[in-house]
There are 2 protein chains.
Amino acid sequence: MAYQSESLIAQAREIREASGVSQRALSERAGLTQSHISQIEGGRLEPGLSSFIDMTRALDLELMLVPKKLVPAVLGLVKAQATPDMHIHAGQPNDKRFARAERLVKKMKHLYGSSADLDRIDDTLRFLRRVNLSDQEMQLVRELIARLERYQASEQAAPIVRDIAQNLQRLRNSIAHAAPSEPRSAYSLDGGDADA
Amino acid sequence: MAYQSESLIAQAREIREASGVSQRALSERAGLTQSHISQIEGGRLEPGLSSFIDMTRALDLELMLVPKKLVPAVLGLVKAQATPDMHIHAGQPNDKRFARAERLVKKMKHLYGSSADLDRIDDTLRFLRRVNLSDQEMQLVRELIARLERYQASEQAAPIVRDIAQNLQRLRNSIAHAAPSEPRSAYSLDGGDADA
DNA sequence: CGTTCCGATACAGGATACTGCATCGTTCGG
DNA sequence: CCGAACGATGCAGTATCCTGTATCGGAACG
């Protein structure tokens, strides 16, 4: 349940961790208990609106109401602040993007032979294309596609391709099966290129 | 109480009223009850995060997490765009249908306990709601929902529920693993017109 | 008038958030 | 090896949400 709030909560958690604030420290600042926060972050509990506000305010964040139309713009703003080198083409309709990506995968299959990972990407893209993605989700997809494009011919493409496949699949799972108790949440919304 | 959320709730209310949406209409779209919404708006109740998200999403709004630093910027953006003729797609009979169905399932879970089949239905509905369904597909969904409604309290509900779950899942799978030969990219996913 | 839609209000019952502990396994620094 | 801090988990008890249903007074329209 509570699939709607997953992404907000995941964001809050990421930011908490990135700021090096422990659950206990946050609990004091926000006036909640540590056990409460742990359960919220773990998805075992759906916070009340005011609890969540307390929590995010203590992280120097504000919850804002934004018309859907403006979500990409706001996302751009926020992201620009977080990662200066990221740069968004706000233009293209999503359909085109997918078509392009699918063509790319096809080409790669052709050139390097089809691998399980490429198949997975292919499959997942075809699925995601039909879904009404939130702007946030679309943003993630966009990044992944861009990464694929960038590294398609690279020497170490393999682990990158695998990573992309994994990320896409995670997104798909989160949508297809609005999971109540998914063990791991947190698709990295920002640049985490830690692994690979 | 709940002084933190006051402003968000007030905003939501203003936008609802400005869009000419009644509490009852909103309650259907959001999957909440009218009485619930009234209490939230009146400040006599503090909504859960997910309730509030349901509510705002039904108003074409997104709840976003923004660094405090950027709040003025976002505020500017939103304000600048605040168009007088902000119209909501009041139509979407499909959305209504799904909201209704989801509530029905919730109620059934409540009454008879959640079964694997009900969970499956719940899950699948949440998925299908997000997808752009063809008329034919929507037709199928409509029938299944109607059937569920009809037999919800029947003695032999169990096998019927199972059958419905299976049918829905089959539909979902057929969408999730769309054949590559499907050229149907031709959905105009907006119908969106009537904007500036 | 009578109908219809509106928002506010009430109330019972069940679900669940939330507190305030206490504890566990792990990780990290000394 | 020890102790500290971390996050996860358990649990009893209370507060509150949320549904479902129903009613009410008011405004709008015929």
# chains A, B, ... in the order shown; residues from 1 in each chain; ligands from 1

$ closest_atom_pairs --of "chain C" --to "chain A" --cutoff "12 Å" --atoms "only C-alpha atoms (C1' of nucleotides)" --output "tab-separated table"
residue	atom	partner	partner_atom	distance
C:DT16	C1'	A:Leu45	CA	8.6
C:DA17	C1'	A:Pro47	CA	6.9
C:DC18	C1'	A:His36	CA	7.2
C:DT19	C1'	A:Thr33	CA	7.3
C:DG20	C1'	A:Thr33	CA	8.4
C:DC21	C1'	A:Ser35	CA	10.4
C:DA22	C1'	A:Ser35	CA	11.4

$ write_last_selection --atoms "N, CA and C atoms (P, O5', C5', C4', C3', O3' and C1' of nucleotides)" --output "PDB file, in the first residue's frame"
ATOM      1  P    DT C  16      -4.930  -1.485   8.459  1.00  0.00           P
ATOM      2  O5'  DT C  16      -4.126  -0.253   9.087  1.00  0.00           O
ATOM      3  C5'  DT C  16      -4.626   1.049   8.893  1.00  0.00           C
ATOM      4  C4'  DT C  16      -3.874   2.021   9.792  1.00  0.00           C
ATOM      5  C3'  DT C  16      -2.431   1.602  10.075  1.00  0.00           C
ATOM      6  O3'  DT C  16      -1.685   2.786  10.109  1.00  0.00           O
ATOM      7  C1'  DT C  16      -3.480   2.050  12.057  1.00  0.00           C
ATOM      8  P    DA C  17      -0.384   3.058   9.363  1.00  0.00           P
ATOM      9  O5'  DA C  17       0.091   4.373  10.130  1.00  0.00           O
ATOM     10  C5'  DA C  17      -0.699   5.521   9.963  1.00  0.00           C
ATOM     11  C4'  DA C  17      -0.657   6.409  11.174  1.00  0.00           C
ATOM     12  C3'  DA C  17       0.713   6.886  11.609  1.00  0.00           C
ATOM     13  O3'  DA C  17       0.571   8.236  11.959  1.00  0.00           O
ATOM     14  C1'  DA C  17      -0.333   5.789  13.407  1.00  0.00           C
ATOM     15  P    DC C  18       1.825   9.169  12.120  1.00  0.00           P
ATOM     16  O5'  DC C  18       2.337   8.895  13.592  1.00  0.00           O
ATOM     17  C5'  DC C  18       1.620   9.502  14.682  1.00  0.00           C
ATOM     18  C4'  DC C  18       2.113   8.946  15.994  1.00  0.00           C
ATOM     19  C3'  DC C  18       3.636   8.843  16.141  1.00  0.00           C
ATOM     20  O3'  DC C  18       4.089   9.923  16.957  1.00  0.00           O
ATOM     21  C1'  DC C  18       2.453   7.008  17.116  1.00  0.00           C
ATOM     22  P    DT C  19       5.527   9.905  17.595  1.00  0.00           P
ATOM     23  O5'  DT C  19       5.244   9.230  19.007  1.00  0.00           O
ATOM     24  C5'  DT C  19       4.192   9.728  19.799  1.00  0.00           C
ATOM     25  C4'  DT C  19       4.203   9.064  21.160  1.00  0.00           C
ATOM     26  C3'  DT C  19       5.551   9.053  21.876  1.00  0.00           C
ATOM     27  O3'  DT C  19       5.331   9.409  23.227  1.00  0.00           O
ATOM     28  C1'  DT C  19       4.714   6.847  21.697  1.00  0.00           C
ATOM     29  P    DG C  20       6.511  10.033  24.081  1.00  0.00           P
ATOM     30  O5'  DG C  20       6.927   8.852  25.050  1.00  0.00           O
ATOM     31  C5'  DG C  20       5.970   7.905  25.462  1.00  0.00           C
ATOM     32  C4'  DG C  20       6.683   6.665  26.013  1.00  0.00           C
ATOM     33  C3'  DG C  20       8.184   6.835  26.260  1.00  0.00           C
ATOM     34  O3'  DG C  20       8.522   6.131  27.436  1.00  0.00           O
ATOM     35  C1'  DG C  20       7.853   5.013  24.844  1.00  0.00           C
ATOM     36  P    DC C  21       9.812   6.141  28.230  1.00  0.00           P
ATOM     37  O5'  DC C  21      10.829   5.420  27.229  1.00  0.00           O
ATOM     38  C5'  DC C  21      11.690   4.373  27.699  1.00  0.00           C
ATOM     39  C4'  DC C  21      10.991   3.028  27.703  1.00  0.00           C
ATOM     40  C3'  DC C  21      11.976   1.868  27.588  1.00  0.00           C
ATOM     41  O3'  DC C  21      12.134   1.274  28.856  1.00  0.00           O
ATOM     42  C1'  DC C  21      10.234   1.670  25.966  1.00  0.00           C
ATOM     43  P    DA C  22      13.566   0.642  29.201  1.00  0.00           P
ATOM     44  O5'  DA C  22      13.400  -0.948  29.085  1.00  0.00           O
ATOM     45  C5'  DA C  22      12.301  -1.544  28.431  1.00  0.00           C
ATOM     46  C4'  DA C  22      12.809  -2.556  27.409  1.00  0.00           C
ATOM     47  C3'  DA C  22      14.301  -2.851  27.480  1.00  0.00           C
ATOM     48  O3'  DA C  22      14.506  -4.255  27.622  1.00  0.00           O
ATOM     49  C1'  DA C  22      13.658  -2.349  25.248  1.00  0.00           C
TER      50       DA C  22
END

$ closest_atom_pairs --of "chain B" --to "chain A" --cutoff "6 Å" --atoms "only C-alpha atoms" --output "JSON lines"
{"residue": "B:Pro47", "atom": "CA", "partner": "A:Leu49", "partner_atom": "CA", "distance": 5.9}
{"residue": "B:Gly48", "atom": "CA", "partner": "A:Gly48", "partner_atom": "CA", "distance": 3.8}
{"residue": "B:Leu49", "atom": "CA", "partner": "A:Leu49", "partner_atom": "CA", "distance": 4.1}
{"residue": "B:Asp60", "atom": "CA", "partner": "A:Lys68", "partner_atom": "CA", "distance": 5.7}
{"residue": "B:Leu61", "atom": "CA", "partner": "A:Pro67", "partner_atom": "CA", "distance": 4.4}
{"residue": "B:Glu62", "atom": "CA", "partner": "A:Val66", "partner_atom": "CA", "distance": 5.1}
{"residue": "B:Leu63", "atom": "CA", "partner": "A:Leu65", "partner_atom": "CA", "distance": 4.8}
{"residue": "B:Met64", "atom": "CA", "partner": "A:Met64", "partner_atom": "CA", "distance": 5.2}
{"residue": "B:Leu65", "atom": "CA", "partner": "A:Leu63", "partner_atom": "CA", "distance": 4.8}
{"residue": "B:Val66", "atom": "CA", "partner": "A:Glu62", "partner_atom": "CA", "distance": 5.2}
{"residue": "B:Pro67", "atom": "CA", "partner": "A:Leu61", "partner_atom": "CA", "distance": 4.5}
{"residue": "B:Lys68", "atom": "CA", "partner": "A:Leu61", "partner_atom": "CA", "distance": 5.1}
{"residue": "B:Asp123", "atom": "CA", "partner": "A:His177", "partner_atom": "CA", "distance": 5.8}
{"residue": "B:Phe127", "atom": "CA", "partner": "A:Ala176", "partner_atom": "CA", "distance": 5.6}
{"residue": "B:Arg130", "atom": "CA", "partner": "A:Asn132", "partner_atom": "CA", "distance": 5.3}
{"residue": "B:Val131", "atom": "CA", "partner": "A:Val131", "partner_atom": "CA", "distance": 4.5}
{"residue": "B:Ala176", "atom": "CA", "partner": "A:Phe127", "partner_atom": "CA", "distance": 4.9}

$ write_last_selection --atoms "N, CA and C atoms" --output "mmCIF file, in the first residue's frame"
data_model
loop_
_atom_site.group_PDB
_atom_site.id
_atom_site.type_symbol
_atom_site.label_atom_id
_atom_site.label_comp_id
_atom_site.auth_asym_id
_atom_site.auth_seq_id
_atom_site.Cartn_x
_atom_site.Cartn_y
_atom_site.Cartn_z
ATOM 1 N N PRO B 47 -4.931 14.684 7.860
ATOM 2 C CA PRO B 47 -4.922 13.546 6.941
ATOM 3 C C PRO B 47 -3.626 12.754 7.044
ATOM 4 N N GLY B 48 -3.696 11.522 6.652
ATOM 5 C CA GLY B 48 -2.475 10.747 6.445
ATOM 6 C C GLY B 48 -1.792 11.242 5.187
ATOM 7 N N LEU B 49 -0.526 10.986 5.105
ATOM 8 C CA LEU B 49 0.206 11.451 3.925
ATOM 9 C C LEU B 49 -0.420 10.905 2.656
ATOM 10 N N ASP B 60 -4.833 17.295 -9.946
ATOM 11 C CA ASP B 60 -3.787 17.603 -10.903
ATOM 12 C C ASP B 60 -2.629 18.332 -10.250
ATOM 13 N N LEU B 61 -2.365 17.976 -9.029
ATOM 14 C CA LEU B 61 -1.246 18.591 -8.313
ATOM 15 C C LEU B 61 -0.274 17.505 -7.881
ATOM 16 N N GLU B 62 0.952 17.918 -7.696
ATOM 17 C CA GLU B 62 1.936 16.993 -7.160
ATOM 18 C C GLU B 62 2.530 17.558 -5.878
ATOM 19 N N LEU B 63 2.766 16.667 -4.955
ATOM 20 C CA LEU B 63 3.403 17.054 -3.718
ATOM 21 C C LEU B 63 4.902 16.830 -3.886
ATOM 22 N N MET B 64 5.664 17.897 -3.758
ATOM 23 C CA MET B 64 7.100 17.759 -4.027
ATOM 24 C C MET B 64 7.946 18.218 -2.845
ATOM 25 N N LEU B 65 9.111 17.623 -2.774
ATOM 26 C CA LEU B 65 10.057 17.938 -1.736
ATOM 27 C C LEU B 65 11.084 18.914 -2.285
ATOM 28 N N VAL B 66 11.142 20.074 -1.694
ATOM 29 C CA VAL B 66 12.016 21.117 -2.228
ATOM 30 C C VAL B 66 12.937 21.648 -1.118
ATOM 31 N N PRO B 67 14.218 21.788 -1.417
ATOM 32 C CA PRO B 67 15.132 22.379 -0.448
ATOM 33 C C PRO B 67 14.647 23.771 -0.077
ATOM 34 N N LYS B 68 14.739 24.112 1.190
ATOM 35 C CA LYS B 68 14.192 25.384 1.646
ATOM 36 C C LYS B 68 14.724 26.556 0.836
ATOM 37 N N ASP B 123 -3.728 -4.981 -6.774
ATOM 38 C CA ASP B 123 -2.459 -4.716 -7.413
ATOM 39 C C ASP B 123 -2.620 -4.398 -8.881
ATOM 40 N N PHE B 127 -2.265 -0.895 -11.220
ATOM 41 C CA PHE B 127 -1.410 -0.841 -12.398
ATOM 42 C C PHE B 127 -2.184 -0.360 -13.620
ATOM 43 N N ARG B 130 -2.930 3.208 -14.387
ATOM 44 C CA ARG B 130 -1.861 4.079 -14.863
ATOM 45 C C ARG B 130 -1.612 3.937 -16.348
ATOM 46 N N VAL B 131 -2.230 2.974 -16.940
ATOM 47 C CA VAL B 131 -1.891 2.651 -18.314
ATOM 48 C C VAL B 131 -2.887 3.276 -19.275
ATOM 49 N N ALA B 176 2.121 -5.680 -20.244
ATOM 50 C CA ALA B 176 3.488 -5.561 -19.733
ATOM 51 C C ALA B 176 4.498 -6.144 -20.700
#

$ closest_atom_pairs --of "chain D" --to "chain B" --cutoff "10 Å" --atoms "only C-alpha atoms (C1' of nucleotides)" --output "CSV"
residue,atom,partner,partner_atom,distance
D:DT16,C1',B:Glu46,CA,8.5
D:DC17,C1',B:Pro47,CA,7.2
D:DC18,C1',B:His36,CA,7.2
D:DT19,C1',B:Thr33,CA,7.3
D:DG20,C1',B:Thr33,CA,8.6

$ atom_distance --atom1 "CA of Gln34 in chain A" --atom2 "C1' of DC2 in chain D"
25.1 Å

$ atom_distance --atom1 "CA of Gln139 in chain A" --atom2 "CA of Ala18 in chain A"
20.4 Å

$ atom_distance --atom1 "CA of Arg24 in chain A" --atom2 "C1' of DG29 in chain C"
20.0 Å
